[in-house]
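Engineer: Have a look at this one before I ask anything.
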Amino acid sequence: MFEPTSRPMTDYGGFHQSNGIYWRFVPQDVGTLWAGLSEVKARGMAVRVRGAGHSMNGSSIPRSGEVLIETRGLDSYVFTRPGTITVGAGATMWDVQRLLEPLGYELLVLNDGNAPASTVGGYVSAGGFGAESWRHGGFWESVESIDIVTLEGAVRTVARADPLFSWLFGSMGQLCIIVSATLAVRPRAGGDATFPLGKRGRVPASRHTWEKTIWFSAFVPRPVWGEARRALAAIGERHGHMWQARPAYAYSLPFGRFTPPLIHPAQQDLVAVGIWGEAPEGGFDHAAVRALDADFTLWLRAHPDFRRYAQTELLYPGFDIAAHFGPECFARFREWKNQLDPSGRLAPGLLDLPAQRASA
Ligand SMILES: Cc1cc2nc3c(=O)[nH]c(=O)nc-3n(C[C@H](O)[C@H](O)[C@H](O)COP(=O)(O)OP(=O)(O)OC[C@H]3O[C@@H](n4cnc5c(N)ncnc54)[C@H](O)[C@@H]3O)c2cc1C
């Protein structure tokens, strides 16, 4: 069931790389996942979860001796309740959208870029926002419930009213394995399609090769977003030699029901502002990237009400995850961690980034 390999694995940034032997486990359905997890439990093995590997912080990279669960086979879907789709954690958000379109429906929020990137489980683990967020808010506002399993074998449907619900968004694979999620869908503009109640199947997977970019984003309170974007753009310009910069972005995230604590402590309208760019000729020079990162970090420190989108970004060894979340939020996150993963076998070492740099 588990295949040992020492094949180096990197994440999207290519900066973090696995080191040593790990065990690959690619369950093709929920039944196989259960069977694998009971073996993992019996052997007391450590586990890491990987969706599409589109994050850049090293959290989806297996450490030596770990079982790496790759979720792509968890791609089933079913329309059980009007206005929603329940979909496996390993399907990409984009592929779910492509499945819905011919049926006359669409997701409210998905990753930007019009191509497959984050899986459903990876998007929850990041937090998530996209092109339609100005209308529907962060991804978390359009999720009805999340089905999880813990390494202890507990199976749970975490609905909106569950105190755990808000902590799953942005949790970076630290708390549990997300098996599937029930997402709100809406009829496409001008559509009058009958809701496909009861329809089920597997989400066809598509592929896309993305150009390598690096981004630095911050969630900021709406009243200061313009100023924040200008300041961030100025930081990008000061380090203009490190990349082929693209225009700074801003995603409005109107407050709906809640803001996940791991995204931002304030329950108010937010804007995700950011700068990004492609690799210059010859690739990224990490000394230059770190210099920008250092300026970005100083800027964030001067604005305690800004939060970095650390769940998705390139983080260097030494990034202080506890300071990033703040003592109170981090303590509560740890409480959930202790409750759901008391043996600490899921993604051990909360974001202790592998010190090793990818050679590629
Ligand atoms: C080209 C590109 C475009 C992007 N666009 C956007 C965007 O528009 N909006 C946005 O918000 N983000 C965007 N991102 C960031 C992306 O959404 C996040 O990095 C997301 O976490 C990637 O999902 P993944 O499936 O690749 O997860 P991975 O990178 O494989 O894993 C990320 C984390 O999630 C955990 N995880 C993954 N699946 C599960 C699961 N089933 N159960 C438990 N934990 C799990 C992993 O352990 C890891 O900690 C983009 C990234 C790229 C590279």
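So you can find residues: chains in the structure tokens are A, B, ... in the order shown, residues in each start at 1, and ligands are numbered from 1 in order.
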Can you tell me which residues sit at most 6 Å away from ligand 1, counting only C-alpha atoms and all ligand atoms, written as a PyMOL selection string?
Structural biologist: chain A and resi 12+48-55+59-60+89+111-112+117-119+121-123+125-126+128-130+172-173+176-179+210+312
Engineer: Determine, counting only C-alpha atoms, which protein, DNA and RNA residues have an atom within 12 Å of an atom of Gly349 in chain A; residues of the same chain fewer than 3 positions away are not included. Present the result as a list in words.
Structural biologist: Ala46, Val47, Arg48, Gly58, Ser59, Pro62, Arg63, Gly173, Gln174, Ile321, Arg334, Lys337, Ser343, Gly344, Arg345, Leu346, Asp352, Leu353 and Pro354 of chain A
Engineer: Could those residues be written to a file, using C-alpha atoms, as a PDB file, in the first residue's frame?
Structural biologist:
ATOM      1  CA  ALA A  46       4.143  10.229  10.896  1.00  0.00           C
ATOM      2  CA  VAL A  47       2.037  11.578   8.055  1.00  0.00           C
ATOM      3  CA  ARG A  48       2.065  14.528   5.714  1.00  0.00           C
ATOM      4  CA  GLY A  58       7.419  23.561   2.537  1.00  0.00           C
ATOM      5  CA  SER A  59       4.383  22.283   4.464  1.00  0.00           C
ATOM      6  CA  PRO A  62       7.572  14.875   3.270  1.00  0.00           C
ATOM      7  CA  ARG A  63      10.291  14.604   5.905  1.00  0.00           C
ATOM      8  CA  GLY A 173      -2.413  20.396   6.961  1.00  0.00           C
ATOM      9  CA  GLN A 174      -1.586  20.530  10.674  1.00  0.00           C
ATOM     10  CA  ILE A 321       5.010  30.895  12.958  1.00  0.00           C
ATOM     11  CA  ARG A 334      -2.075  24.470  19.444  1.00  0.00           C
ATOM     12  CA  LYS A 337      -3.637  20.507  17.371  1.00  0.00           C
ATOM     13  CA  SER A 343       0.503  12.121  19.284  1.00  0.00           C
ATOM     14  CA  GLY A 344       1.825  14.880  17.003  1.00  0.00           C
ATOM     15  CA  ARG A 345       2.189  12.481  14.064  1.00  0.00           C
ATOM     16  CA  LEU A 346       0.517  14.723  11.504  1.00  0.00           C
ATOM     17  CA  ASP A 352       9.656  23.843  10.937  1.00  0.00           C
ATOM     18  CA  LEU A 353      10.832  24.371   7.406  1.00  0.00           C
ATOM     19  CA  PRO A 354      13.332  21.907   5.986  1.00  0.00           C
TER      20      PRO A 354
END
Engineer: Contacts of Asp192 in chain A at 10 Å or less, counting only C-alpha atoms, minus same-chain residues fewer than 3 places along, as a list of chain:residue names?
Structural biologist: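 After dropping sequence-adjacent residues, the list is A:Gly104, A:Tyr105, A:Pro187, A:Arg188, A:Ala189, A:Phe195.
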Engineer: So, with only C-alpha atoms as the atoms that count, which of A:Ala323, A:Ile263, A:Leu74, A:Val273 lies closest to Arg301 in chain A?
Structural biologist: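 That would be A:Ala323, the residue with the smallest distance to Arg301 in chain A.
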Engineer: Apply DSSP to the backbone of this structure and, from range 37-162 of chain A, keep only the residues in helix (DSSP H, G or I); write these as a short mmCIF file (atom, residue, chain, number, x, y, z; two decimals) with C-alpha atoms, in the first residue's frame.
Structural biologist:
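New file part-v1.cif:
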data_model
loop_
_atom_site.label_atom_id
_atom_site.label_comp_id
_atom_site.auth_asym_id
_atom_site.auth_seq_id
_atom_site.Cartn_x
_atom_site.Cartn_y
_atom_site.Cartn_z
CA LEU A 37 -4.69 5.21 8.03
CA SER A 38 -5.30 2.19 10.23
CA GLU A 39 -1.94 0.79 9.13
CA VAL A 40 -0.31 4.15 9.79
CA LYS A 41 -1.82 4.15 13.26
CA ALA A 42 -0.77 0.59 14.00
CA ARG A 43 2.80 1.38 12.97
CA THR A 71 -4.95 13.17 -2.31
CA ARG A 72 -5.52 13.24 -6.07
CA GLY A 73 -7.52 9.97 -6.02
CA MET A 93 -11.05 23.79 -7.59
CA TRP A 94 -10.74 24.56 -11.29
CA ASP A 95 -11.74 21.05 -12.33
CA VAL A 96 -14.79 21.27 -10.06
CA GLN A 97 -15.72 24.52 -11.81
CA ARG A 98 -15.32 22.82 -15.22
CA LEU A 99 -17.56 19.99 -14.08
CA LEU A 100 -20.24 22.44 -12.95
CA GLU A 101 -20.29 24.72 -15.99
CA PRO A 102 -22.03 22.40 -18.48
CA LEU A 103 -24.56 21.59 -15.76
CA VAL A 120 -10.19 21.54 -2.58
CA GLY A 121 -8.27 20.33 0.51
CA GLY A 122 -5.30 22.58 -0.27
CA TYR A 123 -7.54 25.62 -0.79
CA VAL A 124 -9.22 25.09 2.59
CA SER A 125 -5.77 24.61 4.15
CA ALA A 126 -4.67 27.94 2.65
CA SER A 133 -14.28 37.32 -3.77
CA TRP A 134 -15.26 40.98 -4.13
CA ARG A 135 -18.83 39.65 -4.40
CA HIS A 136 -18.81 36.51 -2.23
CA PHE A 139 -13.60 31.00 0.10
CA TRP A 140 -14.54 30.18 3.72
CA GLU A 141 -17.86 32.01 3.24
CA SER A 142 -19.01 29.53 0.59
#
Engineer: If you run DSSP on the backbone, which residues of range 109-162 of chain A are strand (DSSP E or B), as a PDB file with C-alpha atoms, in the first residue's frame?
Structural biologist:
ATOM      1  CA  THR A 119      -7.060  21.129  -4.691  1.00  0.00           C
ATOM      2  CA  VAL A 143     -18.121  26.265   2.334  1.00  0.00           C
ATOM      3  CA  GLU A 144     -21.024  24.498   4.044  1.00  0.00           C
ATOM      4  CA  SER A 145     -19.149  21.681   5.785  1.00  0.00           C
ATOM      5  CA  ILE A 146     -15.882  19.774   5.721  1.00  0.00           C
ATOM      6  CA  ASP A 147     -15.449  16.023   6.217  1.00  0.00           C
ATOM      7  CA  ILE A 148     -12.288  15.176   8.092  1.00  0.00           C
ATOM      8  CA  VAL A 149     -10.493  12.230   9.555  1.00  0.00           C
ATOM      9  CA  VAL A 155     -14.335  10.768  11.423  1.00  0.00           C
ATOM     10  CA  ARG A 156     -16.255  14.008  11.626  1.00  0.00           C
ATOM     11  CA  THR A 157     -18.359  16.268   9.456  1.00  0.00           C
ATOM     12  CA  VAL A 158     -17.429  19.768  10.551  1.00  0.00           C
ATOM     13  CA  ALA A 159     -20.375  22.028   9.808  1.00  0.00           C
TER      14      ALA A 159
END
Engineer: My list of candidates is A:Leu270, A:Ala248, A:Val185, A:Ile235. Which is closest to Pro223 in chain A when distances are computed with only C-alpha atoms?
Structural biologist: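 Using only C-alpha atoms, Pro223 in chain A sits closest to A:Leu270.
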Engineer: Set the distance at 10 Å and use only C-alpha atoms: which residues neighbour Gly138 in chain A once local chain neighbours fewer than 5 positions away are removed? I'd like the list as number ranges by chain.
Structural biologist: A: 108-110, 127-130, 132-133, 143, 251-256, 258-260, 270-272
Engineer: Once you have the residues from the selection above, write them out as a PDB file, in the first residue's frame, restricted to C-alpha atoms.
Structural biologist:
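Output below, filename again_4.pdb:
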ATOM      1  CA  LEU A 108     -18.819  31.124  -5.782  1.00  0.00           C
ATOM      2  CA  VAL A 109     -15.064  31.464  -5.193  1.00  0.00           C
ATOM      3  CA  LEU A 110     -12.072  29.616  -6.620  1.00  0.00           C
ATOM      4  CA  GLY A 127      -7.803  29.967   3.359  1.00  0.00           C
ATOM      5  CA  GLY A 128      -8.567  30.940  -0.211  1.00  0.00           C
ATOM      6  CA  PHE A 129      -9.756  33.894  -2.229  1.00  0.00           C
ATOM      7  CA  GLY A 130     -10.278  34.534  -5.925  1.00  0.00           C
ATOM      8  CA  GLU A 132     -15.258  36.630  -7.377  1.00  0.00           C
ATOM      9  CA  SER A 133     -14.285  37.319  -3.770  1.00  0.00           C
ATOM     10  CA  VAL A 143     -18.121  26.265   2.334  1.00  0.00           C
ATOM     11  CA  TYR A 251      -8.692  41.319  -3.765  1.00  0.00           C
ATOM     12  CA  SER A 252     -11.587  42.737  -1.820  1.00  0.00           C
ATOM     13  CA  LEU A 253     -12.886  40.323   0.843  1.00  0.00           C
ATOM     14  CA  PRO A 254     -16.186  41.675   2.172  1.00  0.00           C
ATOM     15  CA  PHE A 255     -17.030  40.324   5.606  1.00  0.00           C
ATOM     16  CA  GLY A 256     -19.883  37.823   5.615  1.00  0.00           C
ATOM     17  CA  PHE A 258     -16.656  35.167   9.832  1.00  0.00           C
ATOM     18  CA  THR A 259     -12.951  35.601   9.184  1.00  0.00           C
ATOM     19  CA  PRO A 260     -10.832  32.510   9.942  1.00  0.00           C
ATOM     20  CA  LEU A 270     -10.477  42.909   4.471  1.00  0.00           C
ATOM     21  CA  VAL A 271      -8.468  43.341   1.301  1.00  0.00           C
ATOM     22  CA  ALA A 272      -5.683  40.993   0.220  1.00  0.00           C
TER      23      ALA A 272
END
Engineer: Which one is closest to Gly198 in chain A: A:Pro27, A:Pro82, A:Pro247, A:Gly277? Count only C-alpha atoms.
Structural biologist: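 Closest candidate: A:Pro82.
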Engineer: Which residue out of A:Ile69, A:Met242, A:Leu151, A:Val220 has the minimum interatomic distance to Glu281 in chain A when only C-alpha atoms are used?
Structural biologist: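 The answer is A:Met242, which sits nearest to Glu281 in chain A.
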Engineer: Excluding Met9 in chain A and residues on its chain fewer than 6 positions from it, collect all residues at most 9 Å away from it, counting only C-alpha atoms, and give them as a list of chain:residue names.
Structural biologist: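 Using only C-alpha atoms, the neighbours found are A:His16, A:Gln17, A:Ser18, A:Asn19, A:Ile61, A:Pro62, A:Ala358.
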Engineer: How would the residues just chosen look if you wrote them out with N, CA and C atoms as a JSON list (two decimals), in the first residue's frame?
Structural biologist:
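Generated file (result25.json):
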[["chain", "number", "residue", "atom", "x", "y", "z"],
["A", 16, "HIS", "N", 12.05, 24.46, -1.30],
["A", 16, "HIS", "CA", 12.09, 23.41, -0.28],
["A", 16, "HIS", "C", 12.08, 22.05, -0.96],
["A", 17, "GLN", "N", 12.87, 21.14, -0.42],
["A", 17, "GLN", "CA", 13.00, 19.82, -1.06],
["A", 17, "GLN", "C", 13.05, 18.73, -0.01],
["A", 18, "SER", "N", 12.42, 17.58, -0.35],
["A", 18, "SER", "CA", 12.47, 16.46, 0.60],
["A", 18, "SER", "C", 13.88, 15.90, 0.66],
["A", 19, "ASN", "N", 14.13, 15.20, 1.75],
["A", 19, "ASN", "CA", 15.47, 14.71, 2.01],
["A", 19, "ASN", "C", 15.33, 13.36, 2.70],
["A", 61, "ILE", "N", 5.87, 19.06, 1.93],
["A", 61, "ILE", "CA", 7.07, 18.27, 1.60],
["A", 61, "ILE", "C", 7.28, 17.20, 2.67],
["A", 62, "PRO", "N", 7.38, 15.92, 2.26],
["A", 62, "PRO", "CA", 7.57, 14.87, 3.27],
["A", 62, "PRO", "C", 8.96, 14.94, 3.90],
["A", 358, "ALA", "N", 16.52, 23.29, -2.13],
["A", 358, "ALA", "CA", 16.44, 22.47, -3.34],
["A", 358, "ALA", "C", 17.59, 22.82, -4.26]]
